[in-house]
Amino acid sequence: MAKFSPPPGTADIFPEEMPWWYRLEETARRIFPLYGYGELRTPVFEYTEVFRRGIGDETEVVQKEMYTFEDRGGRSLTLRPEGTAGVMRALLNTEVMNGSEQRVFYLGPMFRGERPAAGRRRQFHQVGVENAGRIAPELDAENIAMLIQYLDALRISGTRLLLNTRGVQADRKPAAELLSKYFRQHLDAMCDDCRERAGRNVWRILDCKQERCREVVGNAPDYLRTYTAASRMYFDSVCKLLTAFGIDFEIDRQLVRGLDYYAHTVFEVIHPGLGAQNAIAGGGRYELYLPENRKPIIGVGFAAGLERLLMVQEALNIPAPAPGTGPVFLVSRGAPARTFNLKLAQELRAAGIPVVVEIEERSMKGQMRAANRVNAAFAVICGDTELESGRLVCKEMQEGSQKELTGTDLRDFLKKAYGVEC
Ligand code: HAM
């Protein structure tokens, strides 16, 4: 174990990186309420059954990637590998099963025991939304529009929106039979895993990454023709609405998504600049079963991976969030000034202004360096002369300009600079 490293696939996030994270989070908190969504916070762990039943026993996530442990009472718990199942568990306490629509969004860490790679973490962060309780193509299209608005607000360009439909349960069997018949004729050209999948789960072949399988998959028959007319019409309506909204998309029959709860529309936003882990967001319409619930909860939603959004922003050279939001740094020259500054710091904080105050006897240069380290927007300098005259020197750190202000003027000036009510 490397002594000071966190476990593989996890990372510490330091204060200087936070403005980037805040921007992703604050943008979510600004955009999603425009569509009537409110924030929901669920626990980071749930009873294991919630995920096994919700996501599906057959999925890679449940079979290979969950962090599952027993608590002291012998109950099996699991760190959430995704948000949807837990959110639905929480919404069962609402009227969602009686047709009342619920609109929620969430932010937070998720955990999957995957092999760490660029863009693939064991603890990663998602922002997600769920619209539960109703089914309508309008809701699917609105959901996708909301994701696109979120990405636009983050100035993420160059993405591709992939779209497909998984149909409903009744559509799957004839479609799987059609695919299975085709794949059985091409077993020789496929990888070992897919040969085995051909008999068990043909859908998994569709997203196999092996070059030889991609070729076979590329020529597979279009299974949509086996779907019922109602399912095809549903998908058609979603596509038409997206076109009406001016949203570009590509239909991708190979997009099946790795979680079992999807029904009807599925989508993914990919960014070519990211390499193998190129999905920055994914989602779709679902019918999700929970333990002891014989009827599924229906809904539509998506989640975006925050680490991947940051990687794309970096690749696109998107500038750091606006500077000048750092604190006021109070520089003291001598003990009496320090005592004065400690009191002034409390007054300014009480007024809503962020302040860092130097508590040690240090040179002026050392204190200015410290101000830069905390990304201070202003440095306010106080020594014996300033104490006597009652006028403090306030230096604007970015521009380097400075002015002398009395205590009251200084407070008013800083309140204005930080947008605090006077
Ligand atoms: P997902 O496609 O599994 O969907 O994950 C959504 C996003 O989370 C991915 O597109 C990716 O950006 C990010 N992500 C997933 N795994 C990792 C990882 N190991 N490291 C870094 N980022 C990762 C879901 O989770 C569904 N619950 C989405 C949804 C909501 N469907 C309906 N409602």
# chains A, B, ... in the order shown; residues from 1 in each chain; ligands from 1
$ residues_around --residues "segment 407-421 of chain A" --least-positions-apart "4" --cutoff "8 Å" --atoms "only C-alpha atoms" --output "JSON, numbers by chain"
{"A": [325, 348, 351, 352, 353, 390, 391, 392, 394]}
$ closest_atom_pairs --of "chain A" --to "ligand 1" --cutoff "8 Å" --atoms "only C-alpha atoms and all ligand atoms" --output "tab-separated table"
residue	atom	partner	partner_atom_place_in_ligand_line	distance
A:Pro81	CA	ligand 1	25 (O)	7.3
A:Glu82	CA	ligand 1	25 (O)	4.5
A:Gly83	CA	ligand 1	27 (N)	5.2
A:Thr84	CA	ligand 1	27 (N)	4.7
A:Ala85	CA	ligand 1	27 (N)	7.5
A:Phe111	CA	ligand 1	19 (N)	7.4
A:Arg112	CA	ligand 1	19 (N)	5.8
A:Gly113	CA	ligand 1	19 (N)	7.6
A:Glu114	CA	ligand 1	19 (N)	6.1
A:Pro116	CA	ligand 1	19 (N)	7.5
A:Gly119	CA	ligand 1	21 (C)	5.3
A:Arg120	CA	ligand 1	20 (N)	3.5
A:Arg121	CA	ligand 1	20 (N)	3.8
A:Arg122	CA	ligand 1	19 (N)	5.4
A:Gln123	CA	ligand 1	20 (N)	6.9
A:Phe124	CA	ligand 1	21 (C)	5.0
A:His125	CA	ligand 1	22 (N)	6.8
A:Gln126	CA	ligand 1	8 (O)	5.8
A:Gly128	CA	ligand 1	30 (C)	6.0
A:Val129	CA	ligand 1	30 (C)	6.3
A:Glu130	CA	ligand 1	33 (N)	5.6
A:Arg257	CA	ligand 1	2 (O)	6.8
A:Gly258	CA	ligand 1	3 (O)	6.8
A:Leu259	CA	ligand 1	3 (O)	7.1
A:Tyr262	CA	ligand 1	32 (C)	7.6
A:Glu268	CA	ligand 1	10 (O)	6.9
A:Val269	CA	ligand 1	10 (O)	7.3
A:Ile270	CA	ligand 1	10 (O)	7.9
A:Gln277	CA	ligand 1	11 (C)	7.8
A:Asn278	CA	ligand 1	12 (O)	7.7
A:Ala279	CA	ligand 1	10 (O)	4.4
A:Ile280	CA	ligand 1	12 (O)	3.7
A:Ala281	CA	ligand 1	10 (O)	3.5
A:Gly282	CA	ligand 1	2 (O)	4.5
A:Gly283	CA	ligand 1	31 (N)	3.6
A:Gly284	CA	ligand 1	32 (C)	5.0
A:Arg285	CA	ligand 1	32 (C)	6.4
A:Tyr286	CA	ligand 1	32 (C)	6.7
A:Gly299	CA	ligand 1	32 (C)	7.8
A:Val300	CA	ligand 1	32 (C)	5.7
A:Gly301	CA	ligand 1	33 (N)	3.5
A:Phe302	CA	ligand 1	30 (C)	3.6
A:Ala303	CA	ligand 1	28 (C)	4.4
A:Ala304	CA	ligand 1	7 (C)	4.5
A:Gly305	CA	ligand 1	12 (O)	3.4
A:Leu306	CA	ligand 1	12 (O)	6.9
A:Glu307	CA	ligand 1	21 (C)	6.2
A:Arg308	CA	ligand 1	12 (O)	5.7
A:Leu309	CA	ligand 1	12 (O)	7.5
$ write_last_selection --atoms "N, CA and C atoms" --output "compact mmCIF listing (two decimals), in the first residue's frame"
# COMPACT_ATOMS: atom_id res chain seq x y z
N PRO A 81 -23.65 1.99 -6.85
CA PRO A 81 -22.88 2.04 -8.10
C PRO A 81 -23.48 3.03 -9.08
N GLU A 82 -24.69 3.50 -8.80
CA GLU A 82 -25.37 4.48 -9.65
C GLU A 82 -26.52 5.06 -8.83
N GLY A 83 -27.18 6.10 -9.37
CA GLY A 83 -28.16 6.80 -8.57
C GLY A 83 -29.61 6.33 -8.70
N THR A 84 -29.96 5.81 -9.88
CA THR A 84 -31.38 5.61 -10.18
C THR A 84 -32.11 4.68 -9.19
N ALA A 85 -31.51 3.52 -8.89
CA ALA A 85 -32.22 2.55 -8.04
C ALA A 85 -32.51 3.14 -6.66
N PHE A 111 -19.84 4.31 -6.75
CA PHE A 111 -18.72 3.39 -6.52
C PHE A 111 -18.86 2.15 -7.40
N ARG A 112 -17.85 1.91 -8.22
CA ARG A 112 -17.86 0.69 -9.04
C ARG A 112 -16.45 0.10 -9.04
N GLY A 113 -16.34 -1.18 -8.75
CA GLY A 113 -15.03 -1.83 -8.70
C GLY A 113 -14.53 -2.18 -10.08
N GLU A 114 -14.33 -1.16 -10.92
CA GLU A 114 -13.84 -1.40 -12.28
C GLU A 114 -12.33 -1.25 -12.29
N PRO A 116 -9.21 0.59 -12.89
CA PRO A 116 -8.99 2.02 -13.09
C PRO A 116 -8.28 2.30 -14.41
N GLY A 119 -10.26 8.26 -17.02
CA GLY A 119 -11.71 8.46 -17.11
C GLY A 119 -12.52 7.35 -16.47
N ARG A 120 -11.86 6.37 -15.88
CA ARG A 120 -12.61 5.30 -15.19
C ARG A 120 -12.12 5.19 -13.76
N ARG A 121 -13.00 5.51 -12.84
CA ARG A 121 -12.64 5.54 -11.42
C ARG A 121 -13.45 4.51 -10.65
N ARG A 122 -12.97 4.18 -9.46
CA ARG A 122 -13.76 3.32 -8.57
C ARG A 122 -14.69 4.15 -7.70
N GLN A 123 -14.23 5.36 -7.34
CA GLN A 123 -15.17 6.33 -6.81
C GLN A 123 -15.22 7.48 -7.80
N PHE A 124 -16.39 7.71 -8.36
CA PHE A 124 -16.54 8.82 -9.30
C PHE A 124 -17.79 9.59 -8.91
N HIS A 125 -18.03 10.69 -9.60
CA HIS A 125 -19.15 11.55 -9.20
C HIS A 125 -20.12 11.73 -10.35
N GLN A 126 -21.38 11.69 -10.02
CA GLN A 126 -22.40 11.89 -11.06
C GLN A 126 -23.31 13.04 -10.68
N GLY A 128 -27.25 13.65 -11.79
CA GLY A 128 -28.28 12.91 -12.52
C GLY A 128 -29.66 13.51 -12.29
N VAL A 129 -30.58 13.15 -13.16
CA VAL A 129 -31.97 13.58 -12.97
C VAL A 129 -32.88 12.38 -13.22
N GLU A 130 -34.02 12.37 -12.55
CA GLU A 130 -35.01 11.32 -12.80
C GLU A 130 -36.39 11.97 -12.84
N ARG A 257 -26.85 0.01 -23.58
CA ARG A 257 -26.66 0.44 -22.20
C ARG A 257 -26.55 -0.78 -21.28
N GLY A 258 -25.73 -0.62 -20.25
CA GLY A 258 -25.37 -1.78 -19.44
C GLY A 258 -26.30 -2.10 -18.28
N LEU A 259 -27.39 -1.38 -18.13
CA LEU A 259 -28.25 -1.61 -16.96
C LEU A 259 -29.58 -2.18 -17.47
N TYR A 262 -33.75 -0.49 -18.57
CA TYR A 262 -34.20 0.38 -19.66
C TYR A 262 -35.32 -0.23 -20.49
N GLU A 268 -26.95 8.30 -25.13
CA GLU A 268 -25.63 8.53 -24.55
C GLU A 268 -25.03 9.74 -25.24
N VAL A 269 -24.30 10.55 -24.48
CA VAL A 269 -23.55 11.64 -25.10
C VAL A 269 -22.08 11.26 -25.01
N ILE A 270 -21.44 11.22 -26.16
CA ILE A 270 -20.01 10.87 -26.16
C ILE A 270 -19.19 12.05 -26.66
N GLN A 277 -12.90 5.73 -22.79
CA GLN A 277 -14.04 6.03 -21.90
C GLN A 277 -14.67 7.33 -22.38
N ASN A 278 -15.38 7.25 -23.51
CA ASN A 278 -15.80 8.50 -24.14
C ASN A 278 -17.22 8.94 -23.80
N ALA A 279 -17.93 8.17 -22.94
CA ALA A 279 -19.31 8.55 -22.59
C ALA A 279 -19.27 9.57 -21.46
N ILE A 280 -19.80 10.77 -21.72
CA ILE A 280 -19.83 11.74 -20.63
C ILE A 280 -21.18 11.71 -19.91
N ALA A 281 -22.20 11.18 -20.58
CA ALA A 281 -23.52 11.07 -19.93
C ALA A 281 -24.31 9.98 -20.62
N GLY A 282 -25.22 9.38 -19.86
CA GLY A 282 -26.06 8.34 -20.46
C GLY A 282 -27.35 8.22 -19.69
N GLY A 283 -28.36 7.71 -20.36
CA GLY A 283 -29.64 7.54 -19.66
C GLY A 283 -30.68 6.94 -20.54
N GLY A 284 -31.93 7.09 -20.14
CA GLY A 284 -33.02 6.56 -20.93
C GLY A 284 -34.27 6.36 -20.10
N ARG A 285 -35.27 5.81 -20.78
CA ARG A 285 -36.54 5.50 -20.09
C ARG A 285 -36.42 4.12 -19.46
N TYR A 286 -37.06 3.94 -18.31
CA TYR A 286 -36.90 2.66 -17.61
C TYR A 286 -38.18 2.17 -16.96
N GLY A 299 -40.05 5.63 -15.45
CA GLY A 299 -39.44 6.95 -15.43
C GLY A 299 -38.46 7.13 -16.57
N VAL A 300 -37.87 8.31 -16.60
CA VAL A 300 -36.82 8.58 -17.58
C VAL A 300 -35.79 9.49 -16.90
N GLY A 301 -34.52 9.27 -17.22
CA GLY A 301 -33.50 10.09 -16.58
C GLY A 301 -32.15 9.90 -17.22
N PHE A 302 -31.16 10.58 -16.66
CA PHE A 302 -29.79 10.42 -17.15
C PHE A 302 -28.82 10.76 -16.03
N ALA A 303 -27.57 10.38 -16.23
CA ALA A 303 -26.51 10.83 -15.32
C ALA A 303 -25.28 11.18 -16.14
N ALA A 304 -24.57 12.22 -15.69
CA ALA A 304 -23.32 12.62 -16.34
C ALA A 304 -22.19 12.41 -15.34
N GLY A 305 -21.03 11.97 -15.83
CA GLY A 305 -19.87 11.75 -14.96
C GLY A 305 -19.08 13.03 -14.83
N LEU A 306 -18.96 13.54 -13.59
CA LEU A 306 -18.31 14.85 -13.40
C LEU A 306 -16.82 14.81 -13.76
N GLU A 307 -16.13 13.72 -13.42
CA GLU A 307 -14.70 13.64 -13.78
C GLU A 307 -14.54 13.75 -15.29
N ARG A 308 -15.45 13.09 -16.01
CA ARG A 308 -15.33 13.13 -17.48
C ARG A 308 -15.68 14.51 -18.04
N LEU A 309 -16.63 15.18 -17.41
CA LEU A 309 -16.94 16.55 -17.85
C LEU A 309 -15.72 17.45 -17.67
$ atom_distance --atom1 "atom CA of Asn164 of chain A" --atom2 "atom CA of Asn201 of chain A"
18.2 Å
$ closest_residue --among "A:Val104, A:Ala176, A:Met368, A:Met190" --to "Gly133 of chain A" --atoms "only C-alpha atoms"
A:Val104
$ closest_residue --among "A:Leu40, A:Leu344, A:Cys213, A:Ala379" --to "Arg197 of chain A" --atoms "only C-alpha atoms"
A:Cys213
$ closest_atom_pairs --of "segment 260-324 of chain A" --to "segment 236-256 of chain A" --cutoff "8 Å" --atoms "only C-alpha atoms" --output "tab-separated table"
residue	atom	partner	partner_atom	distance
A:Thr265	CA	A:Val238	CA	7.9
A:Val266	CA	A:Val256	CA	7.2
A:Phe267	CA	A:Leu255	CA	7.5
$ residues_around --residues "Gly86 of chain A" --least-positions-apart "2" --cutoff "9 Å" --atoms "only C-alpha atoms" --output "PyMOL selection string"
chain A and resi 42-46+50-51+54+80+82-84+88-91
$ closest_residue --among "A:Gly218, A:Pro296, A:Gly199, A:Gly74" --to "Leu92 of chain A" --atoms "only C-alpha atoms"
A:Pro296
$ residues_around --residues "segment 226-232 of chain A" --least-positions-apart "5" --cutoff "7 Å" --atoms "only C-alpha atoms" --output "tab-separated table (two decimals) with N, CA and C atoms, in the first residue's frame"
chain	number	residue	atom	x	y	z
A	167	GLY	N	-37.18	-0.82	-26.83
A	167	GLY	CA	-38.53	-1.37	-26.87
A	167	GLY	C	-39.00	-1.74	-25.48
A	171	ASP	N	-41.00	-6.72	-26.91
A	171	ASP	CA	-40.24	-6.52	-28.16
A	171	ASP	C	-38.91	-7.27	-28.15
A	174	PRO	N	-38.54	-11.34	-29.83
A	174	PRO	CA	-38.37	-11.49	-31.28
A	174	PRO	C	-37.10	-10.82	-31.80
A	175	ALA	N	-36.74	-9.68	-31.19
A	175	ALA	CA	-35.53	-8.99	-31.65
A	175	ALA	C	-34.29	-9.83	-31.32
$ residues_around --residues "Ile381 of chain A" --least-positions-apart "4" --cutoff "10 Å" --atoms "only C-alpha atoms" --output "list in words"
Phe329, Leu330, Val331, Ser332, Arg333, Ala337, Asn341, Met364, Gln367, Met368, Glu386, Arg391, Leu392, Val393, Cys394, Lys395 and Glu404 of chain A
$ select_by_dssp --residues "segment 86-261 of chain A" --states "helix (DSSP H, G or I)" --output "ChimeraX atom specification"
/A:86-91,96-98,137-153,169-184,187-189,192-200,202-206,211-218,223-226,229-244
$ residues_around --residues "Ala189 of chain A" --least-positions-apart "4" --cutoff "12 Å" --atoms "only C-alpha atoms" --output "list in words"
Phe183, Arg184, Gln185, Asp193, Cys194, Arg195, Gln210, Glu211, Arg212, Cys213, Arg214, Glu215, Val216 and Val217 of chain A
$ residues_around --residues "segment 58-60 of chain A" --least-positions-apart "2" --cutoff "8 Å" --atoms "only C-alpha atoms" --output "ChimeraX atom specification"
/A:55-56,62-65,258-260
$ write_last_selection --atoms "N, CA, C and O atoms" --output "compact mmCIF listing (two decimals), in the first residue's frame"
# COMPACT_ATOMS: atom_id res chain seq x y z
N ILE A 55 -31.10 -2.86 -10.76
CA ILE A 55 -30.22 -2.79 -11.92
C ILE A 55 -30.25 -4.09 -12.72
O ILE A 55 -30.10 -4.09 -13.95
N GLY A 56 -30.46 -5.21 -12.00
CA GLY A 56 -30.56 -6.51 -12.68
C GLY A 56 -29.39 -7.41 -12.36
O GLY A 56 -28.24 -7.02 -12.55
N VAL A 62 -23.75 -5.42 -11.38
CA VAL A 62 -24.15 -6.23 -10.22
C VAL A 62 -23.24 -7.45 -10.07
O VAL A 62 -22.82 -7.79 -8.96
N GLN A 63 -22.88 -8.08 -11.18
CA GLN A 63 -22.09 -9.30 -11.06
C GLN A 63 -20.65 -9.05 -10.65
O GLN A 63 -20.07 -9.84 -9.92
N LYS A 64 -20.07 -7.94 -11.14
CA LYS A 64 -18.62 -7.79 -10.94
C LYS A 64 -18.16 -6.53 -10.24
O LYS A 64 -17.02 -6.44 -9.83
N GLU A 65 -19.03 -5.52 -10.14
CA GLU A 65 -18.46 -4.22 -9.78
C GLU A 65 -18.93 -3.64 -8.46
O GLU A 65 -18.47 -2.58 -8.06
N GLY A 258 -25.73 -0.62 -20.25
CA GLY A 258 -25.37 -1.78 -19.44
C GLY A 258 -26.30 -2.10 -18.28
O GLY A 258 -26.00 -2.98 -17.49
N LEU A 259 -27.39 -1.38 -18.13
CA LEU A 259 -28.25 -1.61 -16.96
C LEU A 259 -29.58 -2.18 -17.47
O LEU A 259 -30.08 -1.74 -18.50
N ASP A 260 -30.12 -3.13 -16.72
CA ASP A 260 -31.26 -3.91 -17.25
C ASP A 260 -32.61 -3.19 -17.23
O ASP A 260 -33.57 -3.67 -17.80
$ closest_residue --among "A:Ala118, A:Ser389, A:Ile31, A:Asp384" --to "Gly275 of chain A" --atoms "only C-alpha atoms"
A:Ala118
$ select_by_dssp --residues "segment 85-280 of chain A" --states "strand (DSSP E)" --output "PyMOL selection string"
chain A and resi 102-111+123-132+160-165+250-251+262-270+279-280
$ atom_distance --atom1 "atom CA of Ser76 of chain A" --atom2 "atom CA of Glu292 of chain A"
16.4 Å
